[in-house]
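This report concerns only the one structure given below.
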Amino acid sequence: MRVPVTRHDGFGLVRSALDAHTLGLSTVAQTLQDCGYRAVIAEADVCQAFADPSIERHAAAIEAWIREHGITVLGFSYRLDPRAGADLVGRLIGVLQRRQLLADRGGPLKALYFAGLPETCERVRRQHSEVAGVFCGAETPGETLRGLGVPADSLPRELSANVAYDEGRLAFGRELVQRGDYLAVRPAERSGYQEYGGTADSLVARLRHRAEKGNLPLFRAHVGPYLPDRLEAVRLFQQWARQLAAAGFLDILSIGTSQLTQSDFGTDWQGKPNGGGVPFNSLEEFAAAWEAARPMLVRTYAGTRNVPQLARMYERTIHIAWHALSLWWFCQIDGRGPYSVQQNLRQHVETLQYIAATGKPFEANVPHHFAFRGGDDASYLVSAYLAAKLAKTAGIRHFILQNMLNTPRGTWGIADLAKSRAMLRLVRQLEDARFRVILQPRAGLDYFSHDLNLAKAQLAAATALMDDIEPHDAASPPMIHVVSYSEASHLADPAVVSESIQITRQALLDYRRLRTRGLVDDLARHPDVVDRTNALLAESRTIIEAIEATVPQPYTPEGLYQVLAWGFLPVPFLTACRDEFAQAIRWKTRLIRGSVVVVDDDGLPIPAAQRLRTTGVARDGRLPHG
C-alpha cells in the first residue's frame with residue numbers, strides 16, 4: 001500500500017532499544033536526505049519508549065517526539081524475535097490509535113512502515129493492515145524509496161544513476177534465474193597440464209593453463225559441514241569433497257575448519273566448545289581431505305595459535321594451494337584467537353616469511369575486516385596496500401587480492417567499482433618481474449536475502465559487478481570466491497555450491513554478451529566511477545605517505561601495530577581492545593552517497609589530510625598525541 005509523499009512530509013526512523021541494529025536506519029535516513037526530505041533518527045530515550053509503548057509515560061514520549069519533529073511517515077525497525085516483533089508492532093499501533101496520531105483519526109501520521117527479519121515482516125503483513133509496507137533488508141535503495149512513496153523525480157542525478165545500475169543488474173539476475181538455463185552449464189575442462197591434480201599442482205600452474213585455454217576464471221568456495229559428533233562431521237566433509245570433485249565445477253576447495261581446529265589443533269578437546277566448521281584434529285584427517293578432493297586444489301584457514309607450525313602442517317598434508325593471514329585480526333581484537341595484536345602480528349610476519357620460502361601465493365584476509373568494524377573506504381584500500389607491500393618485502397611472489405564487494409550492504413554499485421579499481425591500481429603499483437597481483441572478488445557476507453530465488457538473482461548481479469571492474473579484460477577476474485546463494489538461509493552443501501558456480505559462470509557469459517551488443521552500459525569510463533576512483537586514490541596515497549613518513553619501519557610487526565594504534569585506520573565499531581586502540585575508534589564514519597567516509601560531529605566528511613593533522617600525524621614526522 002504505497003502512500004505518496006511530498007516535500008512537506010517528515011520521516012521519523014526508530015528502532016526498539018532492545019535492537020542494536022542501527023546501520024540500516026542511518027542508510028535510509030541519508031538516502032532520504034539526499035532526495036531532499038527531512039529524516040530524523042530517534043535518540044536512545046525515544047528508542048527506549050518504543051521498546052514498550054504500552055507504558056503510559058512511554059506513549060507520551062512517543063507522541064511528543066512525533067509532534068515535535070513534524071513526523072508524518074514513521075518507520076519502525078525490529079530485528080529480533082519474529083513473534084515478539086509482530087506483537088510489539090500491534091502494541092505500537094494501539095498506542096498510535098488511542099492517542100489520535102494516525103491520519104484516519106485526525107493525526108499527523110499518514111503512513112507507518114516496518115523493517116525486520118523476513119518472518120517478522122510476514123507476520124506484520126498478515127496481522128496488521130495498518131502498516132503500509134514492510135522491508136526485510138534485501139531491498140535496493142531504489143526499492144526502498146519507492147516503497148516509502150518517494151517519487152522517482154525526487155532522486156538526485158547521481159543516486160538515480162546508481163539506482164539504475166544496481167537495479168539493472170538485479171533485473172539481469174532475476175531474468176537469468178527465471179530462465180533457468182544456467183542449470184545446463186557444464187564444468188570447464190581443467191586437465192591438460194603436467195602437474196594437474198598431483199602434489200605439485202599449484203594455483204599459478206592452473207591459472208596459467210586456463211588462461212592459455214581462454215577459460216578463466218577459477219572458482220573457489222568455502223565448505224564446512226558441522227555435526228555434534230566430531231568423527232561423523234569429518235566423514236561428512238570427506239563425502240562432500242568427493243561429491244564436489246565428481247561434479248567438477250569447483251577449482252579450489254577451501255576447508256572451513258572449526259574454531260578449535262584453528263586454535264587447539266592436536267590437543268585434547270574434551271569439554272571445549274567447538275562452534276561450526278569442520279573439526280579436524282589430526283594430520284591424517286587433513287591428508288585424507290586432500291585425497292578425497294582430487295583433483296581440486298585445497299586450502300584452509302590459518303591458525304589462531306601456533307600459526308607458523310600450522311602453516312607447515314598444511315603444506316605437508318593438503319599441499320595448500322595458498323596461505324591466507326589476517327595480520328591485525330583473528331586474535332584478541334575480535335575474539336577469534338588468544339594472542340594480543342602485537343603477538344599476532346609477530347606470528348603472522350614469521351609465517352609470511354615461511355610462505356615466501358615455499359613459493360606459494362599469499363592472500364591478505366584483511367580489508368573487509370576493517371569494513372566490518374566501520375572502517376572507511378580509504379582505510380579499506382590502505383590496509384590492502386600495507387598487506388601487499390609487507391608480502392613483497394617478505395619475498396612473496398604472487399599476492400591474492402581479495403575484494404569483498406557489497407560491504408556494508410548499503411554500498412552503491414558505482415562506489416564498489418571505484419573502490420575496486422582504486423585498490424587494484426594502488427596495489428598493482430608494487431608489481432614487477434618478481435611480484436604479481438591476482439584479483440579475487442567475492443560477494444559480501446551480509447548481501448544475500450533469505451529468499452533463495454532473490455539470493456540467486458543477487459549472486460548473478462554481484463557477478464556482473466565483478467565483471468565491470470575491468471570490463472574490457474576477458475581474463476579478469478582470474479579467480480572468483482563464490483559465496484553460495486544460501487548464505488543467509490542455510491549451510492551450502494555440494495549441490496548448492498555447484499549451482500552457485502553455474503549461476504556465476506552463466507552470469508559472466510550473459511553479461512559479457514549483453515555488453516558486446518550494447519544492451520548494458522559499458523562502465524569502463526563512467527564519469528562518476530572515474531571521479532570516485534581518483535578521489536579514493538588521492539586520499540589513500542595521502543594516508544600511505546603519512547604512514548611511511550611517520551611510522552618507523554612500517555612493514556614490520558611493530559610498525560603495523562603502530563599504524564592501527566596511532567589511528568591511521570579508523571575502526572569505530574571495534575568492540576574489544578577499545579582502550580588499547582583509542583586513537584582508531586575515536587573517528588566516526590557514515591555512508592554518504594553510497595561510500596563509507598570519515599565524518600566530523602556534524603556528519604560532514606573529513607579529508608584525510610585534515611584528519612591526519614588532527615591526529616597529530618603529519619609529514620614532518622610528528623608523532624600522534626596520546
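Just so we're on the same page: first chain in the C-alpha cells is A, next is B, and so on; residues restart at 1 for each chain, and ligands are numbered from 1 in the order they show up.
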(request) Could you give me, as a PyMOL selection string, the residues within 10 Å of Cys577 (chain A), counting only C-alpha atoms and dropping anything in the same chain fewer than 2 positions from it? (result) chain A and resi 332-335+340-341+574-575+579-582+585
Problem set entry | alpha helix (DSSP H) residues, from DSSP on the backbone, in region 120-234 of chain A, as a VMD selection string | chain A and resid 120 to 127 141 to 147 157 to 179 203 to 212 230 to 234
Mind running region 233-262 of chain A against region 176-189 of chain A at 8 Å and telling me each contacting residue's nearest atom pair with the distance in Å (one decimal), counting only C-alpha atoms, chain and number ascending, as JSON lines?
{"residue": "A:Ala247", "atom": "CA", "partner": "A:Pro187", "partner_atom": "CA", "distance": 7.6}
{"residue": "A:Gly248", "atom": "CA", "partner": "A:Pro187", "partner_atom": "CA", "distance": 5.5}
{"residue": "A:Phe249", "atom": "CA", "partner": "A:Pro187", "partner_atom": "CA", "distance": 4.8}
### Message
If DSSP is run on the backbone, what residues of region 223-398 of chain A are strand (DSSP E or B)? A reply as a PyMOL selection string would be ideal.
### Response
chain A and resi 223+252-255+257+278+297-300+323-325+362-364+398
Set the distance at 7 Å and use only C-alpha atoms: which residues neighbour region 281-288 of chain A once local chain neighbours fewer than 5 positions away are removed? I'd like the list as a PyMOL selection string. chain A and resi 261+265-266+317-318
Can I get the selection written as a compact mmCIF listing (two decimals), in the first residue's frame, with all heavy atoms?
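After the write, result02.txt holds the following:
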# COMPACT_ATOMS: atom_id res chain seq x y z
N THR A 261 39.92 -26.34 15.63
CA THR A 261 40.98 -26.74 14.70
C THR A 261 41.99 -25.62 14.54
O THR A 261 43.20 -25.86 14.49
CB THR A 261 40.38 -27.11 13.34
OG1 THR A 261 39.46 -28.19 13.49
CG2 THR A 261 41.46 -27.54 12.36
N PHE A 265 44.59 -27.25 17.65
CA PHE A 265 44.82 -28.45 16.84
C PHE A 265 45.78 -29.42 17.54
O PHE A 265 46.80 -29.01 18.10
CB PHE A 265 45.42 -28.05 15.48
CG PHE A 265 45.72 -29.22 14.59
CD1 PHE A 265 44.70 -29.87 13.92
CD2 PHE A 265 47.02 -29.68 14.44
CE1 PHE A 265 44.96 -30.96 13.10
CE2 PHE A 265 47.29 -30.77 13.63
CZ PHE A 265 46.26 -31.41 12.96
N GLY A 266 45.40 -30.70 17.51
CA GLY A 266 46.27 -31.74 18.05
C GLY A 266 46.24 -31.89 19.55
O GLY A 266 47.02 -32.66 20.11
N THR A 317 50.23 -31.82 4.50
CA THR A 317 49.05 -32.68 4.45
C THR A 317 48.12 -32.38 3.28
O THR A 317 47.67 -33.30 2.59
CB THR A 317 48.25 -32.56 5.75
OG1 THR A 317 47.90 -31.18 5.97
CG2 THR A 317 49.05 -33.08 6.94
N ILE A 318 47.80 -31.11 3.04
CA ILE A 318 46.86 -30.78 1.97
C ILE A 318 47.55 -30.07 0.81
O ILE A 318 46.89 -29.66 -0.14
CB ILE A 318 45.69 -29.91 2.48
CG1 ILE A 318 46.18 -28.58 3.06
CG2 ILE A 318 44.84 -30.66 3.49
CD1 ILE A 318 45.06 -27.60 3.43
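CA of Arg242 (chain A) is found 5.2 Å from CA of Ala292 (chain A).
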Pairwise distance, CA of Pro151 (chain A) with CA of Ser77 (chain A), equals 22.7 Å
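Taking CA of Gly85 (chain A) and CA of Glu122 (chain A) as the two end points, the separation is 10.9 Å.
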Judged by only C-alpha atoms, the minimum distance to Lys213 (chain A) among A:Gly567, A:Gly10, A:Ala474, A:Gly116 is found for A:Ala474
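Each of A:Asp602, A:Glu431, A:Glu63, A:Glu119 was checked against Phe135 (chain A) using only C-alpha atoms; the smallest atom-to-atom distance is that of A:Glu119.
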